[in-house]
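Undergrad: This one is input-v4.pdb, PDB, C-alpha atoms.
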```
MODEL        1
ATOM      1  CA  MET A   1      11.883   0.511  17.704  1.00  0.00           C
ATOM      2  CA  ASN A   2       8.098   0.545  17.604  1.00  0.00           C
ATOM      3  CA  ASN A   3       5.929  -2.540  18.136  1.00  0.00           C
ATOM      4  CA  TRP A   4       4.907  -2.689  14.487  1.00  0.00           C
ATOM      5  CA  THR A   5       8.520  -2.934  13.290  1.00  0.00           C
ATOM      6  CA  GLN A   6       9.395  -5.357  16.082  1.00  0.00           C
ATOM      7  CA  ARG A   7       6.517  -7.606  15.093  1.00  0.00           C
ATOM      8  CA  TRP A   8       7.788  -7.980  11.522  1.00  0.00           C
ATOM      9  CA  ASP A   9      11.432  -8.322  12.556  1.00  0.00           C
ATOM     10  CA  ASP A  10      10.375 -11.177  14.854  1.00  0.00           C
ATOM     11  CA  ARG A  11       8.370 -12.848  12.103  1.00  0.00           C
ATOM     12  CA  TYR A  12      11.180 -12.598   9.544  1.00  0.00           C
ATOM     13  CA  SER A  13      14.060 -13.520  11.861  1.00  0.00           C
ATOM     14  CA  ASN A  14      13.440 -17.282  11.577  1.00  0.00           C
ATOM     15  CA  GLU A  15      15.366 -19.404   9.123  1.00  0.00           C
ATOM     16  CA  GLU A  16      12.194 -20.454   7.306  1.00  0.00           C
ATOM     17  CA  PHE A  17      10.419 -18.013   4.997  1.00  0.00           C
ATOM     18  CA  ALA A  18       7.203 -16.709   6.596  1.00  0.00           C
ATOM     19  CA  TYR A  19       5.297 -16.651   3.304  1.00  0.00           C
ATOM     20  CA  GLY A  20       7.484 -19.063   1.365  1.00  0.00           C
ATOM     21  CA  GLU A  21       9.972 -18.423  -1.428  1.00  0.00           C
ATOM     22  CA  GLU A  22       7.534 -18.745  -4.320  1.00  0.00           C
ATOM     23  CA  PRO A  23       5.811 -15.656  -5.730  1.00  0.00           C
ATOM     24  CA  ASN A  24       2.167 -14.883  -5.065  1.00  0.00           C
ATOM     25  CA  ASN A  25      -0.005 -16.542  -7.743  1.00  0.00           C
ATOM     26  CA  TYR A  26      -1.898 -13.406  -8.746  1.00  0.00           C
ATOM     27  CA  LEU A  27       1.301 -11.383  -9.076  1.00  0.00           C
ATOM     28  CA  LYS A  28       2.896 -14.161 -11.115  1.00  0.00           C
ATOM     29  CA  GLU A  29      -0.046 -14.310 -13.496  1.00  0.00           C
ATOM     30  CA  GLN A  30      -0.333 -10.525 -13.953  1.00  0.00           C
ATOM     31  CA  ILE A  31       3.344  -9.580 -14.211  1.00  0.00           C
ATOM     32  CA  GLN A  32       3.908 -12.023 -17.045  1.00  0.00           C
ATOM     33  CA  LYS A  33       1.405 -10.074 -19.167  1.00  0.00           C
ATOM     34  CA  LEU A  34       3.602  -6.965 -18.948  1.00  0.00           C
ATOM     35  CA  LYS A  35       6.872  -5.963 -20.559  1.00  0.00           C
ATOM     36  CA  PRO A  36       9.683  -5.849 -17.959  1.00  0.00           C
ATOM     37  CA  SER A  37      10.481  -2.292 -16.834  1.00  0.00           C
ATOM     38  CA  ALA A  38      10.792  -0.514 -13.470  1.00  0.00           C
ATOM     39  CA  ILE A  39       8.689  -2.008 -10.670  1.00  0.00           C
ATOM     40  CA  LEU A  40       8.259  -1.203  -6.972  1.00  0.00           C
ATOM     41  CA  PHE A  41       7.242  -3.685  -4.249  1.00  0.00           C
ATOM     42  CA  PRO A  42       6.049  -1.875  -1.099  1.00  0.00           C
ATOM     43  CA  ALA A  43       6.012  -3.849   2.196  1.00  0.00           C
ATOM     44  CA  GLU A  44       7.962  -6.579   0.417  1.00  0.00           C
ATOM     45  CA  GLY A  45       9.073  -8.547   3.476  1.00  0.00           C
ATOM     46  CA  GLU A  46      11.373 -11.439   2.577  1.00  0.00           C
ATOM     47  CA  GLY A  47      11.446 -10.682  -1.139  1.00  0.00           C
ATOM     48  CA  ARG A  48       9.692 -13.617  -2.795  1.00  0.00           C
ATOM     49  CA  ASN A  49       7.792 -11.446  -5.295  1.00  0.00           C
ATOM     50  CA  ALA A  50      10.635  -9.010  -5.960  1.00  0.00           C
ATOM     51  CA  ILE A  51      13.070 -11.841  -6.699  1.00  0.00           C
ATOM     52  CA  PHE A  52      10.587 -13.454  -9.095  1.00  0.00           C
ATOM     53  CA  ALA A  53      10.263 -10.169 -11.013  1.00  0.00           C
ATOM     54  CA  ALA A  54      14.041  -9.710 -11.112  1.00  0.00           C
ATOM     55  CA  LYS A  55      14.422 -13.190 -12.597  1.00  0.00           C
ATOM     56  CA  LEU A  56      12.049 -12.120 -15.394  1.00  0.00           C
ATOM     57  CA  GLY A  57      14.291  -9.152 -16.166  1.00  0.00           C
ATOM     58  CA  TRP A  58      12.480  -6.371 -14.291  1.00  0.00           C
ATOM     59  CA  ASN A  59      14.370  -3.484 -12.718  1.00  0.00           C
ATOM     60  CA  VAL A  60      13.221  -4.099  -9.135  1.00  0.00           C
ATOM     61  CA  SER A  61      12.952  -1.783  -6.150  1.00  0.00           C
ATOM     62  CA  ALA A  62      11.408  -2.776  -2.830  1.00  0.00           C
ATOM     63  CA  PHE A  63      10.967  -1.435   0.667  1.00  0.00           C
ATOM     64  CA  ASP A  64       9.819  -2.575   4.082  1.00  0.00           C
ATOM     65  CA  ILE A  65      10.166  -1.443   7.695  1.00  0.00           C
ATOM     66  CA  SER A  66      11.909  -4.692   8.638  1.00  0.00           C
ATOM     67  CA  GLU A  67      15.689  -4.994   8.484  1.00  0.00           C
ATOM     68  CA  GLU A  68      15.257  -8.763   8.981  1.00  0.00           C
ATOM     69  CA  GLY A  69      13.000  -8.893   5.935  1.00  0.00           C
ATOM     70  CA  LYS A  70      15.638  -7.147   3.861  1.00  0.00           C
ATOM     71  CA  ASN A  71      18.358  -9.556   5.021  1.00  0.00           C
ATOM     72  CA  LYS A  72      16.264 -12.543   3.945  1.00  0.00           C
ATOM     73  CA  ALA A  73      15.384 -10.890   0.613  1.00  0.00           C
ATOM     74  CA  LEU A  74      19.021 -10.167  -0.239  1.00  0.00           C
ATOM     75  CA  LYS A  75      19.948 -13.756   0.617  1.00  0.00           C
ATOM     76  CA  LEU A  76      17.192 -15.006  -1.676  1.00  0.00           C
ATOM     77  CA  ALA A  77      18.345 -12.632  -4.420  1.00  0.00           C
ATOM     78  CA  GLU A  78      21.890 -13.959  -4.123  1.00  0.00           C
ATOM     79  CA  ALA A  79      20.679 -17.567  -4.280  1.00  0.00           C
ATOM     80  CA  ASN A  80      18.838 -16.694  -7.501  1.00  0.00           C
ATOM     81  CA  ASN A  81      21.693 -14.653  -9.025  1.00  0.00           C
ATOM     82  CA  VAL A  82      19.714 -11.418  -9.258  1.00  0.00           C
ATOM     83  CA  SER A  83      20.015  -8.025  -7.620  1.00  0.00           C
ATOM     84  CA  ILE A  84      17.303  -5.721  -6.280  1.00  0.00           C
ATOM     85  CA  ASP A  85      17.293  -2.259  -4.715  1.00  0.00           C
ATOM     86  CA  TYR A  86      15.834  -2.880  -1.240  1.00  0.00           C
ATOM     87  CA  GLN A  87      15.411   0.005   1.185  1.00  0.00           C
ATOM     88  CA  VAL A  88      14.317  -0.091   4.822  1.00  0.00           C
ATOM     89  CA  GLY A  89      12.176   2.595   6.423  1.00  0.00           C
ATOM     90  CA  GLU A  90       8.912   4.514   6.191  1.00  0.00           C
ATOM     91  CA  LEU A  91       8.047   5.469   2.608  1.00  0.00           C
ATOM     92  CA  GLU A  92       8.447   9.245   3.085  1.00  0.00           C
ATOM     93  CA  THR A  93      12.044   8.780   4.320  1.00  0.00           C
ATOM     94  CA  LEU A  94      13.159   6.793   1.259  1.00  0.00           C
ATOM     95  CA  ASN A  95      14.710   8.221  -1.871  1.00  0.00           C
ATOM     96  CA  PHE A  96      12.245   7.113  -4.545  1.00  0.00           C
ATOM     97  CA  LYS A  97      11.437   9.713  -7.177  1.00  0.00           C
ATOM     98  CA  GLU A  98       8.159  10.900  -8.661  1.00  0.00           C
ATOM     99  CA  GLU A  99       7.141   8.881 -11.726  1.00  0.00           C
ATOM    100  CA  GLN A 100      10.081   6.506 -11.211  1.00  0.00           C
ATOM    101  CA  PHE A 101       8.051   3.334 -11.764  1.00  0.00           C
ATOM    102  CA  ASP A 102       6.014   1.685 -14.511  1.00  0.00           C
ATOM    103  CA  VAL A 103       4.400  -0.820 -12.148  1.00  0.00           C
ATOM    104  CA  ILE A 104       3.701  -0.892  -8.400  1.00  0.00           C
ATOM    105  CA  ALA A 105       2.833  -4.291  -6.938  1.00  0.00           C
ATOM    106  CA  LEU A 106       0.927  -4.188  -3.658  1.00  0.00           C
ATOM    107  CA  ILE A 107       0.784  -7.810  -2.535  1.00  0.00           C
ATOM    108  CA  TYR A 108      -0.615  -8.155   0.998  1.00  0.00           C
ATOM    109  CA  ALA A 109       0.731  -4.689   1.753  1.00  0.00           C
ATOM    110  CA  HIS A 110      -1.400  -4.176   4.861  1.00  0.00           C
ATOM    111  CA  PHE A 111      -0.181  -0.887   6.282  1.00  0.00           C
ATOM    112  CA  PRO A 112      -1.556   0.313   9.651  1.00  0.00           C
ATOM    113  CA  ALA A 113      -5.195   1.374   9.218  1.00  0.00           C
ATOM    114  CA  GLU A 114      -4.643   5.055   9.988  1.00  0.00           C
ATOM    115  CA  ILE A 115      -2.040   5.529   7.225  1.00  0.00           C
ATOM    116  CA  LYS A 116      -2.982   3.013   4.526  1.00  0.00           C
ATOM    117  CA  SER A 117      -4.883   5.453   2.264  1.00  0.00           C
ATOM    118  CA  GLU A 118      -2.184   8.087   2.710  1.00  0.00           C
ATOM    119  CA  ILE A 119       0.480   5.582   1.621  1.00  0.00           C
ATOM    120  CA  HIS A 120      -1.537   4.674  -1.461  1.00  0.00           C
ATOM    121  CA  LYS A 121      -1.628   8.381  -2.375  1.00  0.00           C
ATOM    122  CA  GLN A 122       2.150   8.702  -1.853  1.00  0.00           C
ATOM    123  CA  LEU A 123       2.751   5.614  -3.984  1.00  0.00           C
ATOM    124  CA  ASP A 124       0.580   7.037  -6.747  1.00  0.00           C
ATOM    125  CA  LYS A 125       3.095   9.898  -7.168  1.00  0.00           C
ATOM    126  CA  LEU A 126       5.876   7.374  -7.802  1.00  0.00           C
ATOM    127  CA  LEU A 127       3.994   5.816 -10.738  1.00  0.00           C
ATOM    128  CA  ARG A 128       4.159   7.338 -14.196  1.00  0.00           C
ATOM    129  CA  ARG A 129       1.040   8.015 -16.266  1.00  0.00           C
ATOM    130  CA  GLY A 130      -0.023   4.832 -18.008  1.00  0.00           C
ATOM    131  CA  GLY A 131       1.652   2.848 -15.233  1.00  0.00           C
ATOM    132  CA  VAL A 132      -0.058  -0.123 -13.606  1.00  0.00           C
ATOM    133  CA  ILE A 133      -0.990  -1.098 -10.053  1.00  0.00           C
ATOM    134  CA  ILE A 134      -1.175  -4.832  -9.279  1.00  0.00           C
ATOM    135  CA  PHE A 135      -2.970  -5.328  -5.977  1.00  0.00           C
ATOM    136  CA  GLU A 136      -4.005  -8.327  -3.889  1.00  0.00           C
ATOM    137  CA  ALA A 137      -4.822  -8.107  -0.189  1.00  0.00           C
ATOM    138  CA  PHE A 138      -7.376  -9.352   2.297  1.00  0.00           C
ATOM    139  CA  SER A 139     -10.898  -7.931   2.138  1.00  0.00           C
ATOM    140  CA  LYS A 140     -13.015  -6.850   5.101  1.00  0.00           C
ATOM    141  CA  LYS A 141     -15.021 -10.068   4.686  1.00  0.00           C
ATOM    142  CA  HIS A 142     -11.816 -11.990   5.471  1.00  0.00           C
ATOM    143  CA  LEU A 143     -12.497 -11.720   9.213  1.00  0.00           C
ATOM    144  CA  GLU A 144     -15.190 -14.400   8.777  1.00  0.00           C
ATOM    145  CA  TYR A 145     -12.580 -16.763   7.282  1.00  0.00           C
ATOM    146  CA  LEU A 146     -10.030 -15.882   9.958  1.00  0.00           C
ATOM    147  CA  ALA A 147     -12.554 -16.808  12.670  1.00  0.00           C
ATOM    148  CA  ILE A 148     -12.793 -20.322  11.173  1.00  0.00           C
ATOM    149  CA  ASN A 149      -9.078 -20.796  10.408  1.00  0.00           C
ATOM    150  CA  ASP A 150      -6.371 -18.713  12.064  1.00  0.00           C
ATOM    151  CA  LYS A 151      -3.705 -20.221   9.758  1.00  0.00           C
ATOM    152  CA  VAL A 152      -4.979 -18.278   6.746  1.00  0.00           C
ATOM    153  CA  GLY A 153      -3.369 -15.167   8.272  1.00  0.00           C
ATOM    154  CA  GLY A 154      -4.035 -11.473   7.713  1.00  0.00           C
ATOM    155  CA  PRO A 155      -4.892  -8.546   9.984  1.00  0.00           C
ATOM    156  CA  LYS A 156      -7.451  -9.144  12.721  1.00  0.00           C
ATOM    157  CA  ASP A 157      -8.906  -5.619  12.701  1.00  0.00           C
ATOM    158  CA  ILE A 158     -11.414  -4.629  10.036  1.00  0.00           C
ATOM    159  CA  GLU A 159      -9.860  -1.172   9.478  1.00  0.00           C
ATOM    160  CA  SER A 160      -6.627  -2.732   8.167  1.00  0.00           C
ATOM    161  CA  LEU A 161      -8.565  -4.811   5.636  1.00  0.00           C
ATOM    162  CA  PHE A 162      -9.788  -3.508   2.281  1.00  0.00           C
ATOM    163  CA  SER A 163     -13.065  -2.913   0.495  1.00  0.00           C
ATOM    164  CA  ILE A 164     -13.760  -2.316  -3.194  1.00  0.00           C
ATOM    165  CA  GLU A 165     -15.003   1.182  -2.259  1.00  0.00           C
ATOM    166  CA  GLU A 166     -11.705   2.039  -0.548  1.00  0.00           C
ATOM    167  CA  ILE A 167      -9.691   0.952  -3.575  1.00  0.00           C
ATOM    168  CA  LYS A 168     -11.896   3.029  -5.893  1.00  0.00           C
ATOM    169  CA  SER A 169     -11.448   6.011  -3.608  1.00  0.00           C
ATOM    170  CA  ASP A 170      -7.667   5.631  -3.086  1.00  0.00           C
ATOM    171  CA  PHE A 171      -7.035   5.066  -6.814  1.00  0.00           C
ATOM    172  CA  SER A 172      -9.750   7.307  -8.257  1.00  0.00           C
ATOM    173  CA  ASN A 173      -7.494   8.490 -11.113  1.00  0.00           C
ATOM    174  CA  TYR A 174      -7.103   4.953 -12.506  1.00  0.00           C
ATOM    175  CA  GLU A 175      -8.768   3.062 -15.305  1.00  0.00           C
ATOM    176  CA  ILE A 176     -10.061  -0.106 -13.643  1.00  0.00           C
ATOM    177  CA  ILE A 177      -8.927  -3.124 -15.637  1.00  0.00           C
ATOM    178  CA  GLU A 178      -9.999  -5.549 -12.922  1.00  0.00           C
ATOM    179  CA  LEU A 179     -11.489  -5.035  -9.468  1.00  0.00           C
ATOM    180  CA  GLU A 180     -13.164  -7.844  -7.567  1.00  0.00           C
ATOM    181  CA  GLU A 181     -13.662  -9.413  -4.174  1.00  0.00           C
ATOM    182  CA  LYS A 182     -12.901 -13.110  -4.371  1.00  0.00           C
ATOM    183  CA  GLU A 183     -12.629 -16.231  -2.253  1.00  0.00           C
ATOM    184  CA  ILE A 184      -9.269 -17.911  -2.870  1.00  0.00           C
ATOM    185  CA  GLU A 185      -7.141 -20.750  -1.529  1.00  0.00           C
ATOM    186  CA  LEU A 186      -3.800 -19.673  -0.120  1.00  0.00           C
ATOM    187  CA  ASN A 187      -0.755 -21.872   0.320  1.00  0.00           C
ATOM    188  CA  GLU A 188       2.097 -19.457   1.025  1.00  0.00           C
ATOM    189  CA  GLY A 189       4.741 -20.446   3.538  1.00  0.00           C
ATOM    190  CA  LEU A 190       3.900 -20.655   7.238  1.00  0.00           C
ATOM    191  CA  PHE A 191       1.351 -17.867   7.593  1.00  0.00           C
ATOM    192  CA  HIS A 192      -1.010 -17.892   4.576  1.00  0.00           C
ATOM    193  CA  ASN A 193      -2.768 -21.262   4.499  1.00  0.00           C
ATOM    194  CA  GLY A 194      -6.392 -21.975   3.731  1.00  0.00           C
ATOM    195  CA  THR A 195      -9.431 -20.225   2.307  1.00  0.00           C
ATOM    196  CA  GLY A 196      -9.587 -16.437   2.489  1.00  0.00           C
ATOM    197  CA  SER A 197     -11.325 -13.439   0.969  1.00  0.00           C
ATOM    198  CA  VAL A 198      -9.275 -10.951  -1.036  1.00  0.00           C
ATOM    199  CA  ILE A 199      -9.603  -7.832  -3.125  1.00  0.00           C
ATOM    200  CA  ARG A 200      -7.832  -8.021  -6.471  1.00  0.00           C
ATOM    201  CA  PHE A 201      -7.233  -4.873  -8.482  1.00  0.00           C
ATOM    202  CA  ILE A 202      -5.444  -4.021 -11.699  1.00  0.00           C
ATOM    203  CA  GLY A 203      -5.517  -0.314 -12.501  1.00  0.00           C
ATOM    204  CA  ARG A 204      -3.862   1.900 -15.108  1.00  0.00           C
ATOM    205  CA  LYS A 205      -3.005   5.460 -14.108  1.00  0.00           C
ATOM    206  CA  LYS A 206      -4.729   8.046 -16.278  1.00  0.00           C
TER     207      LYS A 206
ENDMDL
END
```
Mind turning the file's structure into structure tokens?
TA:
Amino acid sequence: MNNWTQRWDDRYSNEEFAYGEEPNNYLKEQIQKLKPSAILFPAEGEGRNAIFAAKLGWNVSAFDISEEGKNKALKLAEANNVSIDYQVGELETLNFKEEQFDVIALIYAHFPAEIKSEIHKQLDKLLRRGGVIIFEAFSKKHLEYLAINDKVGGPKDIESLFSIEEIKSDFSNYEIIELEEKEIELNEGLFHNGTGSVIRFIGRKK
């Protein structure tokens, strides 16, 4: 097992939920504007966002590299009387199909720097035309916030963080409905607490 996988298995193996059981605020706000259909949650960890969508009637798929994350997510799904399709592994090894999804929700999906743009391009193929990306993750400016307060969480290397330019480049075939860098307050479980800087993006595939 590589160090990256081990790191997330360790984080998710505790009884308590690393990022809480409540959905991310931005996801919650955006998903309720859309009609439930097929949605994918990449790097979904312990399932808080996927379970929220399932409770709203969405047909939910999710994946992560952490088996421990999946175990927690399925437990949470059971507690909420919903079911989700949760796969474990690298994206290219999973059996998702082209144009399978109407929405892809990338919520703090910080993939390793060297593959993050490539994964965005792979995910794009799984989204149908007219489909929507909902994205919130830490911006490059977030390092300044992290230096003041370690509890806000997020990657500590600038390459794993996002810029508006990167999002425009990775999702160049999208109509930009919203794209901004914003300072927000986070209160999510054990590892996202305090003021941080994020990129928020809503895009519709042309």
Undergrad: Excluding Leu91 (chain A) and residues on its chain fewer than 5 positions from it, collect all residues at most 9 Å away from it, counting all atoms listed in the file, and give them as a ChimeraX atom specification.
TA: /A:42,63-65,96,119,122-123
Undergrad: Run through the PyMOL selection byres ((chain A and resi 101) around 7) on the given coordinates and return the selected residues as a PyMOL selection string.
TA: chain A and resi 38-40+99-100+102-104+126-128
Undergrad: Next, write the just-selected residues to a file, as a CSV table (one decimal), in the coordinates of the input, keeping C-alpha atoms as the atom set.
TA:
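The resulting file, part.csv, is reproduced below:
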```csv
chain,number,residue,atom,x,y,z
A,38,ALA,CA,10.8,-0.5,-13.5
A,39,ILE,CA,8.7,-2.0,-10.7
A,40,LEU,CA,8.3,-1.2,-7.0
A,99,GLU,CA,7.1,8.9,-11.7
A,100,GLN,CA,10.1,6.5,-11.2
A,102,ASP,CA,6.0,1.7,-14.5
A,103,VAL,CA,4.4,-0.8,-12.1
A,104,ILE,CA,3.7,-0.9,-8.4
A,126,LEU,CA,5.9,7.4,-7.8
A,127,LEU,CA,4.0,5.8,-10.7
A,128,ARG,CA,4.2,7.3,-14.2
```
Undergrad: Go through A:Gly189, A:Gly57, A:Gly69, A:Gly203 one by one, measure the shortest atom-to-atom distance of each to Gln32 (chain A) using all atoms listed in the file, and give the residue with the smallest value.
TA: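 Closest residue, counting all atoms listed in the file: A:Gly57.
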Undergrad: Separation of CA of Phe41 (chain A) and CA of Ser61 (chain A), in Å?
TA: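 Result for CA of Phe41 (chain A) versus CA of Ser61 (chain A): 6.3 Å, one decimal.
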Undergrad: Run through the PyMOL selection byres ((chain A and resi 165) around 12) on the given coordinates and return the selected residues as number ranges by chain.
TA: A: 117, 139-140, 161-164, 166-172, 179-181, 199, 201
Undergrad: Quick one: pull the distance between CA of Asn80 (chain A) and CA of Lys33 (chain A), Å, one decimal.
TA: 22.0 Å
Undergrad: To box region 164-167 of chain A, take all atoms listed in the file, fit an axis-aligned box, add 8 Å on each side, and give centre and edge lengths in Å to one decimal, as AutoDock Vina command-line options.
TA:
```
--center_x -12.3 --center_y -0.1 --center_z -2.1 --size_x 21.3 --size_y 20.4 --size_z 19.0
```
Undergrad: Here is a test: counting all atoms listed in the file, which residue of A:Asn49, A:Asn14, A:Asn3, A:Asn173 is nearest to Val132 (chain A)?
TA: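 Of the candidates, the smallest distance to Val132 (chain A) is held by A:Asn173.
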Undergrad: May I ask for the distance between CA of Glu90 (chain A) and CA of Lys70 (chain A), given in Å to one decimal place?
TA: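 We find that CA of Glu90 (chain A) and CA of Lys70 (chain A) lie 13.7 Å from each other.
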Undergrad: Using all atoms listed in the file, which of the listed residues (A:Ser66, A:Tyr108, A:Leu186, A:Thr93) sits closest to Gln6 (chain A)?
TA: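 Closest to Gln6 (chain A), using all atoms listed in the file: A:Ser66.
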Undergrad: Looking at all atoms listed in the file, which of A:Glu136, A:Glu114, A:Glu178, A:Glu29 is the one that sits closest to Asp157 (chain A)?
TA: A:Glu114
Undergrad: Which is closest to Glu185 (chain A) among A:Asn2, A:Asn25, A:Asn95, A:Ser13, if we use only C-alpha atoms?
TA: A:Asn25
Undergrad: Residue by residue, what does the PyMOL selection byres ((chain A and resi 81) around 12) grab here? Present the result as a ChimeraX atom specification.
TA: /A:51-52,54-57,74-80,82-84
Undergrad: For a cut-off of 8 Å around (-10.4, -18.9, -1.0), file coordinates, pick out all residues using all atoms listed in the file and list them as a list in words.
TA: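 I get Lys182, Glu183, Ile184, Glu185, Leu186, Gly194, Thr195, Gly196 and Ser197 of chain A for the residues within 8 Å of that point.
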Undergrad: I need the residue nearest Ala50 (chain A) from this list: A:Lys97, A:His110, A:Lys72, A:Arg129. Use all atoms listed in the file for the distance.
TA: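 The closest residue to Ala50 (chain A) is A:Lys72.
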